[in-house]
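S.K.: Structure provided below as structure tokens; questions to follow.
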Amino acid sequence: MSEIEAFDSAGSPMHVGNIVLYSSTGTKGTVIEIISDDEGTWALVDKTNLYYKTEILKTIKTADEKEIVEKKITIEEVSEALERQKEFVPTEMDHSNVESGG
């Protein structure tokens, strides 16, 4: 079976293992599969596990993505954050300038 020829938005050859950018959303990931059907050539990107048409992807050198890490916070930290936000929320509602339609 021959390898599928695929090209990115700049016309550069695309291969499994290339790091790509989907500029509409900023999604970056590694191509893990390339397939072709009647509608075009598609690349499966590892970060989203979605297929993208190869001609809308751009091959890039590095992902330069910050890793998203899980942060555990305590109930006390949440309570403190909510207390700080209360300073910016009006504590009393004023209906003096509310008019009814008529």
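Note on naming: chains are A, B, ... as they come in the structure tokens, residues start from 1 per chain, ligands start from 1 in the order shown.
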So which residues touch Asn49 of chain A within 12 Å, counting only C-alpha atoms, skipping near sequence neighbours fewer than 4 positions away, as an NGL selection string?
M.R.: :A and (27-33 or 43-45)
S.K.: Grab the residues selected above and save them as a PDB file, in the first residue's frame with C-alpha atoms.
M.R.:
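Result file again13.pdb:
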```pdb
ATOM      1  CA  THR A  27      -5.366  24.073  18.005  1.00  0.00           C
ATOM      2  CA  LYS A  28      -1.898  22.540  17.781  1.00  0.00           C
ATOM      3  CA  GLY A  29      -1.108  18.861  17.728  1.00  0.00           C
ATOM      4  CA  THR A  30       0.682  15.994  16.060  1.00  0.00           C
ATOM      5  CA  VAL A  31      -0.643  14.213  12.982  1.00  0.00           C
ATOM      6  CA  ILE A  32      -1.173  10.576  13.926  1.00  0.00           C
ATOM      7  CA  GLU A  33      -2.925   9.348  10.774  1.00  0.00           C
ATOM      8  CA  ALA A  43      -5.206  14.322   9.031  1.00  0.00           C
ATOM      9  CA  LEU A  44      -6.047  12.976  12.486  1.00  0.00           C
ATOM     10  CA  VAL A  45      -4.662  15.335  15.156  1.00  0.00           C
TER      11      VAL A  45
END
```
S.K.: Which residues are near Met14 of chain A? Cut-off 9 Å, only C-alpha atoms, ignore same chain within fewer than 6 positions. Put them as a PyMOL selection string.
M.R.: chain A and resi 5-8+20+31+34+43+54+58-59
S.K.: Rounded to one decimal in Å, what is the spacing between atom CA of Glu39 of chain A and atom CA of Lys53 of chain A?
M.R.: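 One can read the atom CA of Glu39 of chain A to atom CA of Lys53 of chain A distance as 9.1 Å.
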S.K.: Rounded to one decimal, what separation in Å do you get between atom CA of Leu57 of chain A and atom CA of Leu21 of chain A?
M.R.: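 Interatomic distance, atom CA of Leu57 of chain A to atom CA of Leu21 of chain A: 5.6 Å.
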S.K.: For atom CA of Asp38 of chain A and atom CA of Ile4 of chain A, determine how far apart the two atoms are, in Å to one decimal place.
M.R.: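 Pair atom CA of Asp38 of chain A / atom CA of Ile4 of chain A returns 13.4 Å.
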